[in-house]
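Asker: My structure is in start_14.cif, and what it holds is mmCIF, C-alpha atoms and all ligand atoms:
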data_run
loop_
_atom_site.label_atom_id
_atom_site.label_comp_id
_atom_site.auth_asym_id
_atom_site.auth_seq_id
_atom_site.Cartn_x
_atom_site.Cartn_y
_atom_site.Cartn_z
CA MET A 1 12.68 17.53 10.75
CA LEU A 2 9.52 19.65 10.77
CA ILE A 3 6.36 18.23 12.35
CA ALA A 4 2.92 19.61 11.40
CA ARG A 5 -0.25 18.62 13.24
CA THR A 6 -2.65 21.24 11.88
CA LEU A 7 -3.29 22.56 8.37
CA SER A 8 -1.87 25.95 9.28
CA GLU A 9 1.33 24.32 10.60
CA LEU A 10 1.49 22.28 7.40
CA ARG A 11 1.13 25.41 5.23
CA ASP A 12 3.99 27.13 7.08
CA ALA A 13 6.24 24.07 6.93
CA ARG A 14 5.44 23.34 3.27
CA ALA A 15 6.31 26.90 2.20
CA GLY A 16 10.05 26.34 2.75
CA LEU A 17 10.32 23.00 0.98
CA GLY A 18 10.28 24.03 -2.70
CA LEU A 19 8.87 22.27 -5.75
CA GLU A 20 10.90 19.04 -5.72
CA LEU A 21 8.99 17.50 -2.82
CA GLY A 22 8.27 13.75 -2.61
CA LEU A 23 5.42 12.48 -0.42
CA VAL A 24 5.42 9.12 1.37
CA PRO A 25 1.84 8.52 2.58
CA THR A 26 1.69 6.03 5.48
CA MET A 27 -0.57 4.83 8.26
CA GLY A 28 2.39 4.67 10.67
CA ALA A 29 3.82 1.58 12.45
CA LEU A 30 6.75 2.13 10.10
CA HIS A 31 9.09 -0.64 8.96
CA GLU A 32 11.95 -0.95 6.49
CA GLY A 33 9.47 -1.00 3.60
CA HIS A 34 8.33 2.54 4.47
CA LEU A 35 11.91 3.68 4.99
CA ALA A 36 12.76 2.38 1.49
CA LEU A 37 10.06 4.76 0.18
CA VAL A 38 11.68 7.65 2.07
CA SER A 39 15.10 6.71 0.64
CA ALA A 40 13.69 6.56 -2.90
CA ALA A 41 12.07 9.99 -2.43
CA ARG A 42 15.26 11.49 -1.01
CA VAL A 43 17.14 10.74 -4.22
CA ALA A 44 14.82 13.17 -6.02
CA GLY A 45 14.67 16.00 -3.45
CA ARG A 46 13.01 16.94 -0.16
CA VAL A 47 10.72 14.40 1.53
CA ALA A 48 7.44 14.70 3.40
CA ALA A 49 5.84 11.66 5.08
CA SER A 50 2.28 11.56 6.35
CA ILE A 51 1.09 9.38 9.23
CA PHE A 52 -2.67 8.97 9.33
CA VAL A 53 -4.66 5.83 10.15
CA ASN A 54 -7.44 6.47 7.68
CA PRO A 55 -10.80 5.31 9.10
CA LEU A 56 -12.48 5.56 5.68
CA GLN A 57 -10.51 2.63 4.25
CA PHE A 58 -11.44 0.20 7.03
CA GLY A 59 -14.65 -1.82 6.79
CA PRO A 60 -16.99 -2.13 9.79
CA THR A 61 -15.60 -5.57 10.70
CA GLU A 62 -11.95 -4.67 10.07
CA ASP A 63 -9.09 -3.90 12.44
CA LEU A 64 -9.16 -0.06 12.74
CA ALA A 65 -9.08 -0.10 16.56
CA ARG A 66 -6.24 -2.59 16.74
CA TYR A 67 -4.20 -1.11 13.87
CA PRO A 68 -0.71 -0.66 15.38
CA ARG A 69 0.26 2.87 16.43
CA ASP A 70 3.74 4.01 17.47
CA GLU A 71 4.07 7.75 16.89
CA ALA A 72 7.29 8.25 18.89
CA GLY A 73 8.99 5.29 17.21
CA ASP A 74 7.80 6.42 13.76
CA LEU A 75 9.10 9.98 14.24
CA ALA A 76 12.50 8.67 15.36
CA LYS A 77 12.74 6.42 12.28
CA LEU A 78 11.71 9.23 9.91
CA GLU A 79 14.18 11.65 11.46
CA ALA A 80 16.99 9.08 11.16
CA SER A 81 16.10 8.40 7.52
CA GLY A 82 16.40 12.07 6.53
CA CYS A 83 12.73 12.98 6.19
CA ASP A 84 12.18 16.78 6.05
CA LEU A 85 8.54 17.05 7.13
CA VAL A 86 6.02 14.81 8.88
CA TRP A 87 2.32 15.55 8.48
CA LEU A 88 0.22 14.13 11.34
CA PRO A 89 -3.33 15.30 10.66
CA HIS A 90 -6.22 14.85 13.04
CA VAL A 91 -9.29 12.91 11.85
CA SER A 92 -11.50 16.01 12.22
CA GLU A 93 -9.24 17.98 9.88
CA MET A 94 -9.17 15.21 7.25
CA TYR A 95 -12.90 14.50 7.55
CA PRO A 96 -14.80 17.61 8.65
CA PRO A 97 -18.22 16.67 10.08
CA ASP A 98 -20.01 18.45 7.20
CA GLY A 99 -17.88 16.72 4.52
CA ALA A 100 -19.95 15.32 1.65
CA SER A 101 -17.43 14.25 -1.01
CA THR A 102 -15.49 11.07 -1.64
CA ILE A 103 -13.66 9.69 -4.66
CA THR A 104 -14.90 6.54 -6.34
CA VAL A 105 -12.48 4.80 -8.67
CA GLY A 106 -13.81 2.19 -11.09
CA GLY A 107 -11.69 -0.15 -13.23
CA PRO A 108 -8.88 -1.70 -11.18
CA ALA A 109 -10.60 -0.73 -7.90
CA THR A 110 -13.57 -3.01 -8.51
CA LEU A 111 -11.67 -6.33 -8.45
CA TRP A 112 -9.85 -8.47 -5.82
CA GLU A 113 -9.34 -6.27 -2.71
CA GLY A 114 -12.06 -3.96 -4.02
CA ALA A 115 -14.54 -6.84 -4.30
CA LEU A 116 -13.63 -8.37 -0.92
CA ARG A 117 -13.47 -5.06 0.96
CA PRO A 118 -16.32 -2.84 -0.28
CA GLY A 119 -15.48 0.85 0.14
CA HIS A 120 -11.80 0.19 0.84
CA PHE A 121 -10.46 1.87 -2.31
CA THR A 122 -12.90 4.78 -2.00
CA GLY A 123 -11.27 5.36 1.39
CA VAL A 124 -7.76 5.05 -0.02
CA ALA A 125 -8.43 7.27 -3.07
CA THR A 126 -10.18 9.92 -0.99
CA VAL A 127 -7.45 10.21 1.64
CA VAL A 128 -4.64 10.13 -0.94
CA ALA A 129 -6.33 12.90 -2.98
CA LYS A 130 -6.68 14.97 0.21
CA LEU A 131 -3.01 14.40 1.09
CA PHE A 132 -1.98 15.45 -2.43
CA GLY A 133 -4.06 18.63 -2.10
CA GLN A 134 -2.62 19.44 1.32
CA VAL A 135 1.06 18.60 0.76
CA ARG A 136 1.24 19.40 -3.00
CA PRO A 137 4.09 16.94 -3.75
CA ARG A 138 5.69 16.62 -7.18
CA ALA A 139 5.84 12.84 -6.72
CA ALA A 140 4.39 10.27 -4.33
CA TYR A 141 5.98 6.93 -3.40
CA PHE A 142 4.07 3.69 -2.80
CA GLY A 143 5.26 0.14 -2.05
CA GLU A 144 4.65 -2.55 -4.67
CA LYS A 145 3.41 -4.94 -1.98
CA ASP A 146 0.06 -3.20 -2.45
CA TRP A 147 0.19 -3.54 -6.22
CA GLN A 148 -3.53 -3.04 -6.70
CA GLN A 149 -3.45 0.12 -4.56
CA ILE A 150 -0.78 1.58 -6.87
CA GLN A 151 -2.92 0.85 -9.94
CA VAL A 152 -5.99 2.42 -8.29
CA ILE A 153 -4.08 5.57 -7.33
CA SER A 154 -2.45 5.79 -10.78
CA ARG A 155 -5.91 5.50 -12.37
CA MET A 156 -7.26 8.27 -10.13
CA VAL A 157 -4.29 10.55 -10.87
CA ALA A 158 -4.67 10.01 -14.62
CA ASP A 159 -8.46 10.45 -14.60
CA LEU A 160 -8.48 13.55 -12.39
CA LEU A 161 -5.42 15.07 -14.11
CA LEU A 162 -3.63 15.45 -10.78
CA PRO A 163 -0.11 16.87 -11.21
CA VAL A 164 1.64 14.15 -9.18
CA GLU A 165 3.98 11.43 -10.43
CA ILE A 166 3.28 8.04 -8.84
CA VAL A 167 6.52 6.17 -8.11
CA PRO A 168 6.27 2.43 -7.29
CA VAL A 169 9.03 1.07 -5.03
CA PRO A 170 9.90 -2.67 -4.90
CA THR A 171 8.61 -4.71 -1.96
CA VAL A 172 11.01 -5.09 0.97
CA ARG A 173 11.10 -8.65 2.34
CA GLU A 174 12.33 -10.51 5.39
CA GLN A 175 15.27 -12.85 4.65
CA ASP A 176 12.85 -15.76 4.28
CA GLY A 177 10.80 -13.87 1.67
CA LEU A 178 7.83 -12.62 3.72
CA ALA A 179 6.83 -9.15 2.48
CA LEU A 180 7.14 -6.55 5.26
CA SER A 181 3.80 -5.32 6.58
CA SER A 182 2.71 -3.47 9.71
CA ARG A 183 0.29 -6.34 10.37
CA ASN A 184 2.99 -9.06 10.43
CA ARG A 185 3.46 -8.40 14.16
CA PHE A 186 0.06 -10.05 14.73
CA LEU A 187 1.18 -13.39 13.24
CA SER A 188 1.40 -16.23 15.76
CA ALA A 189 4.73 -18.08 15.83
CA GLU A 190 3.15 -20.91 13.86
CA ASN A 191 1.66 -18.62 11.21
CA ARG A 192 4.87 -16.58 10.99
CA ALA A 193 6.73 -19.80 10.21
CA ALA A 194 4.19 -20.71 7.50
CA ALA A 195 3.91 -17.24 5.92
CA PRO A 196 7.00 -17.31 3.62
CA ALA A 197 5.29 -20.15 1.71
CA LEU A 198 3.10 -17.48 0.08
CA TYR A 199 6.03 -15.84 -1.69
CA SER A 200 7.64 -19.21 -2.53
CA ALA A 201 4.42 -20.38 -4.16
CA LEU A 202 4.11 -17.12 -6.10
CA ARG A 203 7.68 -17.27 -7.33
CA ARG A 204 7.42 -20.89 -8.44
CA ALA A 205 4.15 -20.17 -10.26
CA ALA A 206 5.53 -17.03 -11.95
CA GLN A 207 8.56 -18.96 -13.16
CA ALA A 208 6.39 -21.81 -14.49
CA ILE A 209 4.03 -19.43 -16.31
CA ALA A 210 6.98 -17.53 -17.78
CA GLU A 211 8.20 -20.90 -19.11
CA SER A 212 4.78 -21.48 -20.75
CA ALA A 213 3.20 -23.85 -18.19
CA PRO A 214 -0.62 -23.82 -18.42
CA VAL A 215 -1.94 -20.96 -16.27
CA VAL A 216 -4.99 -22.63 -14.68
CA ALA A 217 -3.09 -25.74 -13.57
CA THR A 218 -0.15 -23.68 -12.30
CA LEU A 219 -2.44 -21.49 -10.20
CA ALA A 220 -4.15 -24.62 -8.79
CA THR A 221 -0.75 -26.02 -7.75
CA ALA A 222 0.23 -22.73 -6.09
CA ASN A 223 -3.10 -22.57 -4.25
CA ALA A 224 -2.55 -26.13 -3.00
CA GLU A 225 0.94 -25.19 -1.77
CA ILE A 226 -0.41 -22.20 0.15
CA SER A 227 -3.17 -24.33 1.72
CA ALA A 228 -0.70 -27.11 2.56
CA ALA A 229 1.37 -24.55 4.49
CA GLY A 230 -1.69 -23.87 6.67
CA MET A 231 -2.95 -20.63 5.08
CA GLN A 232 -6.33 -19.99 3.49
CA PRO A 233 -5.93 -18.47 0.01
CA GLU A 234 -8.58 -15.81 -0.78
CA TYR A 235 -7.48 -15.25 -4.35
CA LEU A 236 -4.51 -16.06 -6.53
CA ALA A 237 -4.66 -14.76 -10.06
CA LEU A 238 -2.66 -13.89 -13.13
CA VAL A 239 -3.76 -10.37 -14.05
CA ASP A 240 -3.02 -7.57 -16.46
CA ALA A 241 -0.51 -5.49 -14.47
CA GLN A 242 -2.49 -2.26 -14.83
CA SER A 243 -6.17 -3.06 -15.28
CA LEU A 244 -5.99 -5.99 -12.82
CA GLU A 245 -8.31 -7.97 -15.14
CA PRO A 246 -7.61 -11.72 -14.97
CA ILE A 247 -5.77 -13.10 -18.00
CA GLU A 248 -5.35 -16.67 -19.15
CA ALA A 249 -2.14 -16.34 -21.13
CA LEU A 250 0.96 -14.18 -21.02
CA THR A 251 -0.02 -11.79 -23.79
CA ARG A 252 0.51 -8.53 -21.83
CA THR A 253 2.59 -7.26 -18.91
CA ALA A 254 1.27 -9.45 -16.15
CA ARG A 255 1.36 -9.71 -12.39
CA LEU A 256 0.61 -12.66 -10.17
CA ILE A 257 -1.36 -11.36 -7.18
CA THR A 258 -2.57 -13.10 -4.06
CA ALA A 259 -4.20 -12.64 -0.67
CA ALA A 260 -4.30 -15.36 1.96
CA ARG A 261 -5.25 -15.62 5.59
CA ALA A 262 -2.67 -16.80 8.11
CA GLY A 263 -4.77 -17.12 11.25
CA SER A 264 -6.43 -13.72 11.76
CA VAL A 265 -3.91 -11.87 9.57
CA ARG A 266 -4.50 -11.21 5.86
CA LEU A 267 -1.29 -11.36 3.87
CA LEU A 268 -1.03 -9.72 0.43
CA ASP A 269 1.75 -10.35 -2.03
CA ASN A 270 2.46 -10.19 -5.77
CA VAL A 271 5.26 -10.75 -8.25
CA ALA A 272 5.97 -9.68 -11.81
CA VAL A 273 5.63 -12.40 -14.44
O1 LIG B 301 -0.76 1.91 2.04
C1 LIG B 301 -1.17 2.56 3.03
O2 LIG B 301 -0.52 2.58 4.09
C2 LIG B 301 -2.46 3.34 2.94
O3 LIG B 301 -3.40 2.67 2.16
C3 LIG B 301 -2.26 4.78 2.44
C4 LIG B 301 -1.75 4.83 1.02
C5 LIG B 301 -1.28 5.51 3.35
C6 LIG B 301 -3.60 5.54 2.48
O4 LIG B 301 -4.12 5.58 3.76
#
If you took the structure in this file and wrote it as structure tokens, what would it be?

Answerer:
Amino acid sequence: MLIARTLSELRDARAGLGLELGLVPTMGALHEGHLALVSAARVAGRVAASIFVNPLQFGPTEDLARYPRDEAGDLAKLEASGCDLVWLPHVSEMYPPDGASTITVGGPATLWEGALRPGHFTGVATVVAKLFGQVRPRAAYFGEKDWQQIQVISRMVADLLLPVEIVPVPTVREQDGLALSSRNRFLSAENRAAAPALYSALRRAAQAIAESAPVVATLATANAEISAAGMQPEYLALVDAQSLEPIEALTRTARLITAARAGSVRLLDNVAV
């Protein structure tokens, strides 16, 4: 497995990897969800993964400093999963001090996470566009746990005519249903025990809506279930799967999306309806 820490090392390493290269962008602290992205990319060809905790997507009151970092563990996992190249850029190379450009995505980026975390998706879109320019993958793989992120990146790729296929990969879950996330390690024992209630509530609500139950009442019940489990729901909505606009009836391909706080940890999840 090749490891590149500077742009010139990346250029040399990239040269031998051919056109069929899949990119798995990550912020490290890798878990089985990330390794599922590597496996999906390997089916199509060679695989590059990036590890970069992107400061631009964290708000001033968010957890950049305490975001988990485990470079040695991550490299061992990537090597064992058959990754061909790991790109570990330095902040100064991703964001030169004289840099003056960022990417603003409208549409799906303005709602939900975008509304609660101003600037978050500008940070995500900007770093992902930089990674695409540096690594030049044919395809890039993203986990469906961050459903809105996939729609924002797909919008950017379509609008900027970037020659990269975006491949969504299903969420990997613990046995009790909790979606894997690098932040789950910060859950207290009590909140960890409560957390699977988020997915249960989503699944029950999706099933009810699919069977024509009224949307508003079903969402209220699901919200009550999440609160009763001891979490604080931030949003729970039935949305158009691509635009992320809220919908009141199942007239288009829909997604049920949610974010809730379990103690200090924000949990995101979503299911198809
Ligand atoms: O999903 C993530 O881990 C990050 O948002 C990403 C896509 C690697 C960009 O920093």

Asker: Name all residues at most 8 Å from stretch 234-248 of chain A (count all atoms listed in the file; drop same-chain ones fewer than 6 positions away) and give them as an NGL selection string.

Answerer: :A and (107-108 or 111-112 or 148 or 151 or 215-216 or 219 or 223 or 254-261)

Asker: Write a file of the selected residues as a PDB file, in the frame of the given file, keeping C-alpha atoms.

Answerer:
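Result saved to result.pdb:
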ATOM      1  CA  GLY A 107     -11.690  -0.150 -13.230  1.00  0.00           C
ATOM      2  CA  PRO A 108      -8.880  -1.700 -11.180  1.00  0.00           C
ATOM      3  CA  LEU A 111     -11.670  -6.330  -8.450  1.00  0.00           C
ATOM      4  CA  TRP A 112      -9.850  -8.470  -5.820  1.00  0.00           C
ATOM      5  CA  GLN A 148      -3.530  -3.040  -6.700  1.00  0.00           C
ATOM      6  CA  GLN A 151      -2.920   0.850  -9.940  1.00  0.00           C
ATOM      7  CA  VAL A 215      -1.940 -20.960 -16.270  1.00  0.00           C
ATOM      8  CA  VAL A 216      -4.990 -22.630 -14.680  1.00  0.00           C
ATOM      9  CA  LEU A 219      -2.440 -21.490 -10.200  1.00  0.00           C
ATOM     10  CA  ASN A 223      -3.100 -22.570  -4.250  1.00  0.00           C
ATOM     11  CA  ALA A 254       1.270  -9.450 -16.150  1.00  0.00           C
ATOM     12  CA  ARG A 255       1.360  -9.710 -12.390  1.00  0.00           C
ATOM     13  CA  LEU A 256       0.610 -12.660 -10.170  1.00  0.00           C
ATOM     14  CA  ILE A 257      -1.360 -11.360  -7.180  1.00  0.00           C
ATOM     15  CA  THR A 258      -2.570 -13.100  -4.060  1.00  0.00           C
ATOM     16  CA  ALA A 259      -4.200 -12.640  -0.670  1.00  0.00           C
ATOM     17  CA  ALA A 260      -4.300 -15.360   1.960  1.00  0.00           C
ATOM     18  CA  ARG A 261      -5.250 -15.620   5.590  1.00  0.00           C
TER      19      ARG A 261
END

Asker: To test the calculation: enclose all listed atoms of ligand LIG 301 (chain B) in a box whose edges run along x, y and z, add 4 Å on each side, then state centre and edge lengths in Å to one decimal, as AutoDock Vina command-line options.

Answerer:
--center_x -2.3 --center_y 3.7 --center_z 2.6 --size_x 11.6 --size_y 11.7 --size_z 11.1

Asker: Give as a PyMOL selection string the residues surrounding ligand LIG 301 (chain B) up to a distance of 6 Å, considering all atoms listed in the file.

Answerer: chain A and resi 25-27+54+124+128

Asker: Keeping only C-alpha atoms, write those residues as an mmCIF file, in the frame of the given file.

Answerer:
data_model
loop_
_atom_site.group_PDB
_atom_site.id
_atom_site.type_symbol
_atom_site.label_atom_id
_atom_site.label_comp_id
_atom_site.auth_asym_id
_atom_site.auth_seq_id
_atom_site.Cartn_x
_atom_site.Cartn_y
_atom_site.Cartn_z
ATOM 1 C CA PRO A 25 1.840 8.520 2.580
ATOM 2 C CA THR A 26 1.690 6.030 5.480
ATOM 3 C CA MET A 27 -0.570 4.830 8.260
ATOM 4 C CA ASN A 54 -7.440 6.470 7.680
ATOM 5 C CA VAL A 124 -7.760 5.050 -0.020
ATOM 6 C CA VAL A 128 -4.640 10.130 -0.940
#

Asker: Measuring atom to atom with only C-alpha atoms, identify which of A:Ala179, A:Ala213, A:Ala72, A:Ala249 is nearest to A:Leu267.

Answerer: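 Ranking A:Ala179, A:Ala213, A:Ala72, A:Ala249 by distance to A:Leu267, first place goes to A:Ala179.
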
Asker: Counting only C-alpha atoms, which of A:Glu144, A:Glu32, A:Asp176, A:Glu190 gets nearest to A:Lys77?

Answerer: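 The closest residue to A:Lys77 is A:Glu32.
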
Asker: Between A:Ala36, A:Leu250, A:Leu187, A:Leu202, which has the minimum distance to A:Ser264 (counting all atoms listed in the file)?

Answerer: A:Leu187

Asker: Hey, can you check how far atom CA of A:Asp63 sits from atom CA of A:Phe186?

Answerer: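 The value is 11.3 Å.
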
Asker: Counting all atoms listed in the file, which residue out of A:Gly106, A:Pro96, A:Gly177, A:Pro137 sits closest to A:Val164?

Answerer: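 Checking each of A:Gly106, A:Pro96, A:Gly177, A:Pro137 against A:Val164, counting all atoms listed in the file, the winner is A:Pro137.
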
Asker: Which distance in Å separates atom CA of A:Met156 and atom CA of A:Met94, to one decimal?

Answerer: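 Computed distance, atom CA of A:Met156 to atom CA of A:Met94, equals 18.8 Å.
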
Asker: What's the separation between atom CA of A:Ala15 and atom CA of A:Val47, in Å to one decimal place?

Answerer: 13.3 Å

Asker: Can you list, as a ChimeraX atom specification, every protein, DNA or RNA residue that comes within 8 Å of A:Pro168 when you count only C-alpha atoms, leaving out same-chain residues fewer than 4 positions away?

Answerer: /A:141-144,150

Asker: For a quick check of understanding, using only C-alpha atoms, which of A:Phe132, A:Phe58, A:Tyr67, A:Phe52 has the smallest distance to A:Trp87?

Answerer: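 For A:Trp87, the nearest of the candidates is A:Phe52.
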
Asker: For A:Arg69, which residue out of A:Val86, A:Val38, A:Val273, A:Ala29 is the nearest one, using all atoms listed in the file?

Answerer: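 Among the listed residues, the smallest separation from A:Arg69 belongs to A:Ala29.
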
Asker: Please write as an NGL selection string the list of polymer residues whose atoms come within 8 Å of (-9.4, 7.4, -9.4), counting all atoms listed in the file and keeping to the coordinates of the file.

Answerer: :A and (103-106 or 125 or 152-160)

Asker: Residues proximal to (7.7, 13.4, 4.5) were defined as those with any atom within 10 Å of that point in the file's coordinates, counting all atoms listed in the file. Which are they, as number ranges by chain?

Answerer: A: 1-3, 21-26, 37-38, 41-42, 46-51, 78-79, 82-87, 135, 137, 140

Asker: Write out as an mmCIF file with C-alpha atoms, in the coordinates of the input the residues lying within 9 Å of A:Gln134, counting all atoms listed in the file and excluding same-chain residues fewer than 6 positions away.

Answerer:
data_model
loop_
_atom_site.group_PDB
_atom_site.id
_atom_site.type_symbol
_atom_site.label_atom_id
_atom_site.label_comp_id
_atom_site.auth_asym_id
_atom_site.auth_seq_id
_atom_site.Cartn_x
_atom_site.Cartn_y
_atom_site.Cartn_z
ATOM 1 C CA LEU A 7 -3.290 22.560 8.370
ATOM 2 C CA LEU A 10 1.490 22.280 7.400
ATOM 3 C CA ARG A 11 1.130 25.410 5.230
#

Asker: Need to verify the contact set: A:Arg5, 7 Å, all atoms listed in the file, exclusion of same-chain residues closer than 4 positions in sequence. Can you return it as a ChimeraX atom specification?

Answerer: /A:9,87-89

Asker: Render stretch 99-108 of chain A from the structure in the preceding block as a file of all heavy atoms, as a short mmCIF file (atom, residue, chain, number, x, y, z; two decimals), in the first residue's frame.

Answerer:
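Below is the file decode_38.cif, written as the result:
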data_model
loop_
_atom_site.label_atom_id
_atom_site.label_comp_id
_atom_site.auth_asym_id
_atom_site.auth_seq_id
_atom_site.Cartn_x
_atom_site.Cartn_y
_atom_site.Cartn_z
N GLY A 99 -5.19 31.08 0.11
CA GLY A 99 -6.37 30.54 -0.58
C GLY A 99 -7.55 31.49 -0.45
O GLY A 99 -7.76 32.10 0.59
N ALA A 100 -8.33 31.61 -1.54
CA ALA A 100 -9.44 32.57 -1.52
C ALA A 100 -10.71 31.98 -2.14
O ALA A 100 -11.64 32.73 -2.42
CB ALA A 100 -9.03 33.83 -2.28
N SER A 101 -10.74 30.66 -2.35
CA SER A 101 -11.90 30.08 -3.04
C SER A 101 -12.52 28.95 -2.22
O SER A 101 -11.81 28.12 -1.67
CB SER A 101 -11.47 29.49 -4.39
OG SER A 101 -10.78 30.45 -5.13
N THR A 102 -13.84 28.96 -2.17
CA THR A 102 -14.56 27.82 -1.59
C THR A 102 -15.73 27.52 -2.51
O THR A 102 -16.05 28.30 -3.40
CB THR A 102 -15.11 28.14 -0.17
OG1 THR A 102 -15.88 29.34 -0.25
CG2 THR A 102 -14.00 28.28 0.85
N ILE A 103 -16.39 26.38 -2.25
CA ILE A 103 -17.53 25.99 -3.09
C ILE A 103 -18.80 26.07 -2.26
O ILE A 103 -18.88 25.45 -1.20
CB ILE A 103 -17.33 24.58 -3.64
CG1 ILE A 103 -16.15 24.62 -4.61
CG2 ILE A 103 -18.60 24.06 -4.31
CD1 ILE A 103 -15.87 23.34 -5.31
N THR A 104 -19.74 26.85 -2.75
CA THR A 104 -21.04 26.95 -2.07
C THR A 104 -22.06 26.18 -2.88
O THR A 104 -22.24 26.44 -4.07
CB THR A 104 -21.48 28.43 -2.00
OG1 THR A 104 -20.42 29.17 -1.42
CG2 THR A 104 -22.73 28.59 -1.15
N VAL A 105 -22.71 25.24 -2.23
CA VAL A 105 -23.77 24.47 -2.89
C VAL A 105 -25.10 24.98 -2.34
O VAL A 105 -25.23 25.17 -1.13
CB VAL A 105 -23.60 22.96 -2.61
CG1 VAL A 105 -24.64 22.16 -3.39
CG2 VAL A 105 -22.20 22.49 -2.96
N GLY A 106 -26.05 25.22 -3.23
CA GLY A 106 -27.40 25.61 -2.77
C GLY A 106 -28.27 24.37 -2.65
O GLY A 106 -27.78 23.30 -2.28
N GLY A 107 -29.54 24.50 -2.95
CA GLY A 107 -30.46 23.35 -3.01
C GLY A 107 -30.39 22.49 -1.77
O GLY A 107 -30.64 22.97 -0.66
N PRO A 108 -30.00 21.21 -1.93
CA PRO A 108 -30.06 20.28 -0.79
C PRO A 108 -29.13 20.67 0.37
O PRO A 108 -29.30 20.18 1.48
CB PRO A 108 -29.61 18.94 -1.40
CG PRO A 108 -28.88 19.29 -2.65
CD PRO A 108 -29.51 20.56 -3.15
#
